[in-house]
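**Q** Provided herewith: upload-v6.cif, mmCIF, C-alpha atoms.
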data_input
loop_
_atom_site.label_atom_id
_atom_site.label_comp_id
_atom_site.auth_asym_id
_atom_site.auth_seq_id
_atom_site.Cartn_x
_atom_site.Cartn_y
_atom_site.Cartn_z
CA MET A 276 -9.39 34.24 -14.36
CA PRO A 277 -6.45 35.59 -12.32
CA PRO A 278 -5.65 39.26 -12.76
CA LYS A 279 -3.08 40.14 -15.39
CA VAL A 280 0.29 40.92 -13.84
CA ARG A 281 2.33 43.74 -15.25
CA GLU A 282 5.60 42.20 -16.30
CA TYR A 283 7.74 45.33 -16.36
CA ASN A 284 7.20 47.53 -13.32
CA VAL A 285 9.55 50.46 -12.79
CA ASP A 286 10.17 51.75 -9.30
CA PRO A 287 10.41 55.57 -9.61
CA ARG A 288 13.14 55.53 -6.99
CA HIS A 289 15.43 53.87 -9.54
CA ILE A 290 15.18 56.56 -12.21
CA VAL A 291 17.56 59.14 -10.75
CA PRO A 292 20.19 56.53 -9.72
CA MET A 293 19.93 55.03 -13.20
CA LEU A 294 20.61 58.40 -14.84
CA TRP A 295 23.52 58.96 -12.47
CA ASP A 296 24.92 55.53 -13.42
CA PHE A 297 24.96 56.62 -17.07
CA VAL A 298 26.97 59.72 -16.16
CA GLU A 299 29.34 57.77 -13.94
CA VAL A 300 29.89 55.05 -16.54
CA ALA A 301 30.85 57.68 -19.10
CA ALA A 302 33.23 59.36 -16.65
CA LEU A 303 34.89 56.09 -15.60
CA GLY A 304 35.28 55.11 -19.22
CA ILE A 305 37.23 58.28 -19.90
CA THR A 306 39.40 58.26 -16.78
CA ARG A 307 40.19 54.54 -16.47
CA ARG A 308 41.54 52.75 -19.49
CA SER A 309 40.86 49.35 -17.91
CA ASN A 310 37.12 50.12 -18.06
CA HIS A 311 36.97 50.57 -21.83
CA LYS A 312 35.70 47.03 -22.39
CA TYR A 313 32.77 47.71 -20.02
CA ILE A 314 31.94 50.92 -21.88
CA ILE A 315 31.89 49.05 -25.18
CA GLN A 316 29.64 46.32 -23.76
CA THR A 317 27.32 48.91 -22.21
CA GLY A 318 27.02 50.65 -25.55
CA ARG A 319 26.23 47.36 -27.30
CA ASP A 320 23.57 46.54 -24.72
CA ILE A 321 21.94 49.95 -25.10
CA ARG A 322 21.93 49.68 -28.88
CA GLN A 323 20.41 46.19 -28.68
CA ARG A 324 17.59 47.41 -26.42
CA ALA A 325 16.99 50.34 -28.77
CA PHE A 326 16.88 47.90 -31.71
CA ASP A 327 14.35 45.75 -29.85
CA MET A 328 12.17 48.76 -29.03
CA ARG A 329 12.10 50.00 -32.64
CA ASP A 330 11.70 46.59 -34.24
CA PRO A 331 8.27 46.09 -35.85
CA MET A 332 8.42 42.28 -35.79
CA PRO A 333 5.96 40.55 -33.41
CA VAL A 334 7.53 39.07 -30.28
CA VAL A 335 7.04 35.74 -28.55
CA GLU A 336 8.06 35.76 -24.89
CA ILE A 337 10.29 32.93 -23.70
CA ALA A 338 7.62 31.99 -21.13
CA ALA A 339 5.19 31.45 -24.02
CA LEU A 340 7.61 29.58 -26.26
CA ASN A 341 6.43 26.07 -25.42
CA ARG A 342 2.83 27.09 -26.06
CA TYR A 343 3.87 28.62 -29.40
CA LEU A 344 5.55 25.30 -30.27
CA ASP A 345 2.42 23.40 -29.18
CA CYS A 346 4.32 21.56 -26.46
CA THR A 347 2.42 21.05 -23.21
CA ASN A 348 4.92 18.90 -21.32
CA PRO A 349 8.49 19.66 -22.46
CA PRO A 350 11.25 17.38 -21.19
CA PRO A 351 14.14 18.98 -19.31
CA PHE A 352 16.75 20.37 -21.67
CA VAL A 353 20.36 19.22 -21.68
CA LEU A 354 23.53 21.22 -22.32
CA PRO A 355 26.99 20.06 -23.30
CA PRO A 356 29.65 20.61 -20.61
CA VAL A 357 30.11 24.32 -20.03
CA GLU A 358 33.76 24.17 -21.07
CA VAL A 359 32.69 22.78 -24.45
CA ILE A 360 30.23 25.64 -24.94
CA LEU A 361 32.72 28.26 -23.80
CA GLU A 362 35.34 27.01 -26.23
CA ALA A 363 33.18 26.05 -29.17
CA GLY A 364 30.63 28.83 -28.62
CA LEU A 365 33.15 31.63 -28.07
CA GLY A 366 32.08 32.14 -24.46
CA TYR A 367 28.33 32.63 -24.94
CA VAL A 368 26.07 30.23 -23.04
CA GLY A 369 22.66 31.94 -23.37
CA PRO A 370 21.93 31.08 -27.02
CA TYR A 371 22.58 27.40 -26.36
CA VAL A 372 20.12 27.38 -23.47
CA LEU A 373 17.47 28.80 -25.78
CA LEU A 374 18.37 26.42 -28.62
CA ALA A 375 18.20 23.47 -26.21
CA THR A 376 14.80 24.65 -24.95
CA ILE A 377 13.36 24.83 -28.47
CA VAL A 378 14.75 21.49 -29.65
CA SER A 379 13.71 19.75 -26.43
CA ALA A 380 10.14 20.99 -26.93
CA LEU A 381 10.01 19.98 -30.61
CA GLN A 382 11.80 16.61 -30.49
CA PRO A 383 12.55 16.82 -34.21
CA ARG A 384 13.60 13.69 -36.12
CA LYS A 385 15.45 15.52 -38.91
CA ILE A 386 17.46 18.71 -38.41
CA LEU A 387 19.24 20.98 -40.88
CA GLU A 388 21.86 23.40 -39.55
CA THR A 389 23.80 25.92 -41.62
CA GLY A 390 26.96 27.13 -39.93
CA THR A 391 28.64 24.27 -38.05
CA PHE A 392 31.57 26.32 -36.72
CA ARG A 393 33.06 24.26 -33.85
CA GLY A 394 29.95 22.16 -33.38
CA ALA A 395 28.47 23.35 -30.07
CA GLY A 396 25.08 23.99 -31.69
CA ALA A 397 24.94 20.59 -33.41
CA LEU A 398 25.89 18.79 -30.20
CA THR A 399 23.30 20.76 -28.21
CA MET A 400 20.59 19.75 -30.67
CA ALA A 401 21.71 16.11 -30.69
CA LEU A 402 21.58 15.92 -26.89
CA ASN A 403 18.06 17.36 -26.77
CA ALA A 404 16.62 15.35 -29.66
CA PRO A 405 18.07 11.87 -29.08
CA GLU A 406 16.14 10.34 -31.99
CA SER A 407 17.28 12.97 -34.49
CA GLU A 408 19.56 12.88 -37.51
CA ILE A 409 21.38 16.19 -37.90
CA TYR A 410 22.82 17.53 -41.16
CA THR A 411 25.14 20.45 -40.49
CA VAL A 412 26.63 22.52 -43.29
CA ASP A 413 29.82 24.57 -43.40
CA LEU A 414 32.49 25.57 -45.89
CA PRO A 415 35.37 23.15 -46.40
CA ASP A 416 38.71 24.20 -44.93
CA ASP A 417 40.11 24.65 -48.44
CA GLU A 418 37.34 27.08 -49.41
CA ASP A 419 38.05 29.04 -52.59
CA GLU A 420 38.24 32.81 -52.96
CA ASP A 421 34.81 32.97 -54.62
CA ALA A 422 33.17 31.54 -51.50
CA LEU A 423 35.07 33.87 -49.17
CA ALA A 424 34.20 36.91 -51.30
CA GLN A 425 30.50 36.42 -50.44
CA LEU A 426 31.15 36.72 -46.69
CA THR A 427 31.25 39.67 -44.32
CA ARG A 428 34.50 40.62 -42.63
CA GLY A 429 33.18 39.06 -39.41
CA ASP A 430 32.27 35.83 -41.21
CA LYS A 431 35.79 35.59 -42.60
CA THR A 432 37.06 35.73 -39.02
CA TRP A 433 34.74 32.85 -38.01
CA VAL A 434 35.95 30.84 -41.01
CA ARG A 435 39.55 31.36 -39.89
CA LEU A 436 38.76 30.41 -36.27
CA ALA A 437 36.98 27.21 -37.36
CA ARG A 438 39.69 26.09 -39.78
CA GLY A 439 40.93 22.65 -38.74
CA CYS A 440 38.40 22.27 -35.91
CA LYS A 441 34.94 22.33 -37.51
CA GLY A 442 32.63 20.19 -35.45
CA ALA A 443 35.26 19.62 -32.76
CA ALA A 444 32.60 19.71 -30.02
CA PHE A 445 30.91 16.53 -31.26
CA VAL A 446 33.91 14.61 -32.63
CA GLY A 447 34.33 11.49 -30.51
CA HIS A 448 31.04 12.06 -28.68
CA PRO A 449 28.48 9.19 -28.70
CA ALA A 450 26.08 11.49 -30.58
CA GLU A 451 28.56 11.94 -33.43
CA SER A 452 27.06 9.01 -35.35
CA ARG A 453 23.84 11.02 -35.78
CA ILE A 454 25.57 14.23 -36.87
CA HIS A 455 26.39 14.36 -40.58
CA GLN A 456 28.92 16.99 -41.59
CA ILE A 457 28.25 18.49 -45.02
CA TYR A 458 30.99 20.58 -46.59
CA ALA A 459 29.44 22.93 -49.12
CA ASP A 460 28.98 26.55 -50.13
CA SER A 461 25.37 27.19 -49.17
CA LEU A 462 25.02 29.74 -51.97
CA LYS A 463 25.43 26.87 -54.44
CA MET A 464 23.99 24.04 -52.36
CA ASP A 465 20.70 22.22 -52.84
CA ALA A 466 19.71 20.94 -49.39
CA ALA A 467 17.14 18.61 -50.95
CA GLU A 468 20.00 16.43 -52.18
CA PHE A 469 20.75 15.22 -48.65
CA ILE A 470 17.68 15.96 -46.50
CA GLN A 471 13.90 15.99 -46.96
CA GLY A 472 11.20 16.70 -44.40
CA ALA A 473 13.35 18.62 -41.92
CA ASP A 474 11.42 19.17 -38.70
CA PHE A 475 13.81 21.87 -37.51
CA CYS A 476 16.24 24.17 -39.31
CA PHE A 477 18.78 26.33 -37.51
CA ILE A 478 20.29 29.07 -39.67
CA ASP A 479 23.54 30.51 -38.38
CA GLY A 480 25.86 30.53 -41.38
CA GLY A 481 26.92 33.46 -43.56
CA HIS A 482 25.47 36.82 -42.55
CA THR A 483 25.25 38.70 -45.83
CA PHE A 484 21.82 39.31 -47.34
CA GLU A 485 22.65 36.82 -50.12
CA CYS A 486 23.81 34.09 -47.71
CA ILE A 487 20.85 34.36 -45.36
CA LYS A 488 18.47 34.39 -48.34
CA ALA A 489 20.04 31.24 -49.83
CA ASP A 490 20.04 29.42 -46.48
CA THR A 491 16.40 30.37 -45.85
CA GLU A 492 15.26 29.26 -49.30
CA ASN A 493 16.99 25.91 -48.78
CA ALA A 494 15.34 25.53 -45.37
CA LEU A 495 11.89 26.34 -46.72
CA LYS A 496 12.40 23.87 -49.57
CA VAL A 497 13.02 20.92 -47.22
CA LEU A 498 10.89 21.97 -44.23
CA SER A 499 8.23 19.49 -43.09
CA PRO A 500 4.54 20.56 -42.92
CA ASN A 501 4.81 21.50 -39.22
CA GLY A 502 8.50 22.28 -39.22
CA VAL A 503 10.22 25.16 -37.45
CA ILE A 504 13.01 27.47 -38.57
CA VAL A 505 15.15 29.55 -36.21
CA TRP A 506 17.55 32.24 -37.37
CA ASP A 507 20.35 33.59 -35.18
CA ASP A 508 21.92 37.08 -35.17
CA TYR A 509 18.86 39.21 -35.78
CA THR A 510 20.41 42.34 -34.33
CA TRP A 511 21.43 45.92 -35.04
CA PHE A 512 25.00 45.12 -36.09
CA VAL A 513 24.20 42.33 -38.59
CA GLU A 514 22.54 44.33 -41.32
CA GLY A 515 22.20 41.52 -43.87
CA VAL A 516 20.24 39.28 -41.49
CA SER A 517 17.99 42.00 -40.09
CA ARG A 518 17.18 43.44 -43.52
CA TYR A 519 16.37 40.06 -45.06
CA LEU A 520 14.22 38.86 -42.15
CA ARG A 521 12.26 42.11 -42.06
CA GLU A 522 11.47 41.64 -45.74
CA LEU A 523 10.56 37.98 -45.17
CA SER A 524 8.27 38.93 -42.29
CA LYS A 525 5.99 40.62 -44.83
CA THR A 526 5.12 37.22 -46.29
CA LEU A 527 5.71 34.78 -43.41
CA PRO A 528 4.55 35.09 -39.76
CA LEU A 529 7.99 35.45 -38.20
CA LYS A 530 8.42 36.24 -34.51
CA ARG A 531 11.39 37.55 -32.58
CA ILE A 532 12.07 35.63 -29.37
CA ALA A 533 12.17 38.23 -26.60
CA GLY A 534 15.53 38.92 -25.00
CA SER A 535 17.47 37.12 -27.71
CA GLN A 536 18.78 37.48 -31.24
CA PHE A 537 16.62 34.55 -32.42
CA VAL A 538 13.77 34.79 -34.91
CA ILE A 539 11.40 31.83 -35.19
CA TYR A 540 8.89 30.61 -37.77
CA ARG A 541 6.54 27.65 -37.52
CA ARG A 542 4.96 26.27 -40.67
CA GLU A 543 1.32 25.39 -40.19
CA GLY A 544 0.75 22.22 -42.20
#
The structure given in the file should be rewritten as structure tokens.
**A**
Amino acid sequence: MPPKVREYNVDPRHIVPMLWDFVEVAALGITRRSNHKYIIQTGRDIRQRAFDMRDPMPVVEIAALNRYLDCTNPPPFVLPPVEVILEAGLGYVGPYVLLATIVSALQPRKILETGTFRGAGALTMALNAPESEIYTVDLPDDEDEDALAQLTRGDKTWVRLARGCKGAAFVGHPAESRIHQIYADSLKMDAAEFIQGADFCFIDGGHTFECIKADTENALKVLSPNGVIVWDDYTWFVEGVSRYLRELSKTLPLKRIAGSQFVIYRREG
């Protein structure tokens, strides 16, 4: 057996320069207004690393993800054009790489997604599971005040940004015929009415405790015996998601995917 390699080695020569960088970043943030956005991003990154360090949930490393999913020979993953991701995914490419990796390994036949937004996630899943039927759920554009009242302030912004362009990333694409848009309030929805035996569920809808609970209960209701659920936005600034998933981890073997805001669960049938 080859010797175990330490994954995180720290060169002592980096410690003093690293501390000096912290001081310099703070100073530049005060003296140069144009650097404020970098200060904010640095603070978010630090808080995320602190969240990861404190988090009690077990972790699965990305390098071990295929083994966790029981996939020995995963096909290469596929991404939509980068301009589609940048527009429909608000500029973030990393989560779609990870989503593509998971779906490519699983090759699910039936997929449930909550939170269509502009459709980059649904298109990514369709490209990486070419035999799949995808049911993606979002609020209708004429959502009522009761539905909006259940959302966080951030979620209301996403609703506004998606109005009139939900699913735009897959409209007109050859994969569109396999993507079924469901307009519904997931707090009142019964997923079993339109899907049974979902092999993969991707939960990225409302971020309140109540929304994430309802979406999870729907996913568990329709999940196949060996199905997988992935939740997005498990992070320090989305309190509803982190609180609910920490409670759920007491009864289900959830794992946080290292270096991401994804939590994953695989049902053992």
**Q** Convert the output of the PyMOL selection byres ((chain A and resi 510) around 12) on the shown file into explicit residues, formatted as number ranges by chain.
**A** A: 319-320, 322-330, 482, 506-509, 511-521, 531-532, 534-538
**Q** Kindly list the centre and edge lengths in Å, rounded to one decimal, for the axis-aligned box that covers all listed atoms of region 373-378 of chain A plus 4 Å on each of its six sides, as AutoDock Vina command-line options.
**A**
--center_x 15.9 --center_y 25.1 --center_z -27.3 --size_x 13.0 --size_y 15.3 --size_z 12.7
**Q** If the PyMOL selection byres ((chain A and resi 397-402) around 9) is run on the structure shown, which residues does it catch, given as a ChimeraX atom specification?
**A** /A:352-355,371-372,374-375,378-379,386,388,391,393-396,403-411,442,444-445,448,450-451,453-454
**Q** In Å, how far is it from CA of Arg428 (chain A) to CA of Ser524 (chain A)?
**A**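 For CA of Arg428 (chain A) relative to CA of Ser524 (chain A), the distance reads 26.3 Å.
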**Q** Report, in Å with one decimal, the straight-line distance from CA of Ile478 (chain A) to CA of Leu498 (chain A).
**A**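 If I compute the distance from CA of Ile478 (chain A) to CA of Leu498 (chain A), I get 12.6 Å.
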**Q** Would you list the contacts of Ser499 (chain A) as a PDB file with C-alpha atoms, keeping the file's coordinate frame, taking every protein, DNA or RNA residue within 6 Å and counting all atoms listed in the file, but skipping same-chain residues closer than 5 positions in sequence?
**A**
ATOM      1  CA  GLY A 472      11.200  16.700 -44.400  1.00  0.00           C
ATOM      2  CA  ALA A 473      13.350  18.620 -41.920  1.00  0.00           C
ATOM      3  CA  ASP A 474      11.420  19.170 -38.700  1.00  0.00           C
TER       4      ASP A 474
END
**Q** Which is closer to Leu387 (chain A) than all the others in A:Arg541, A:Lys530, A:Arg307, A:His455, using all atoms listed in the file?
**A**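 Residue with the minimum atom-to-atom distance to Leu387 (chain A): A:His455.
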**Q** Specify as a PDB file with C-alpha atoms, in the coordinates of the input each residue included when the PyMOL selection byres ((chain A and resi 528) around 9) is applied to this file.
**A**
ATOM      1  CA  PRO A 333       5.960  40.550 -33.410  1.00  0.00           C
ATOM      2  CA  LEU A 523      10.560  37.980 -45.170  1.00  0.00           C
ATOM      3  CA  SER A 524       8.270  38.930 -42.290  1.00  0.00           C
ATOM      4  CA  LYS A 525       5.990  40.620 -44.830  1.00  0.00           C
ATOM      5  CA  THR A 526       5.120  37.220 -46.290  1.00  0.00           C
ATOM      6  CA  LEU A 527       5.710  34.780 -43.410  1.00  0.00           C
ATOM      7  CA  LEU A 529       7.990  35.450 -38.200  1.00  0.00           C
ATOM      8  CA  LYS A 530       8.420  36.240 -34.510  1.00  0.00           C
ATOM      9  CA  ILE A 539      11.400  31.830 -35.190  1.00  0.00           C
ATOM     10  CA  TYR A 540       8.890  30.610 -37.770  1.00  0.00           C
ATOM     11  CA  ARG A 541       6.540  27.650 -37.520  1.00  0.00           C
ATOM     12  CA  ARG A 542       4.960  26.270 -40.670  1.00  0.00           C
TER      13      ARG A 542
END
**Q** Could you please determine the separation between CA of Cys486 (chain A) and CA of Asn341 (chain A) in Å, to one decimal place?
**A**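 Interatomic distance, CA of Cys486 (chain A) to CA of Asn341 (chain A): 29.4 Å.
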**Q** Using all atoms listed in the file, which of the listed residues (A:Phe475, A:Trp433, A:Ala424, A:Pro356) sits closest to Val505 (chain A)?
**A**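 Checking each of A:Phe475, A:Trp433, A:Ala424, A:Pro356 against Val505 (chain A), counting all atoms listed in the file, the winner is A:Phe475.
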**Q** Closest to Glu418 (chain A) among A:Pro449, A:Lys488, A:Ala459, A:Phe392, using all atoms listed in the file?
**A**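 Result for the nearest residue to Glu418 (chain A): A:Ala459.
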**Q** Would you kindly identify which residues have an atom no farther than 12 Å from (5.8, 19.0, -22.8), using all atoms listed in the file and the file's own coordinates, and write them out as a ChimeraX atom specification?
**A** /A:340-352,376-382
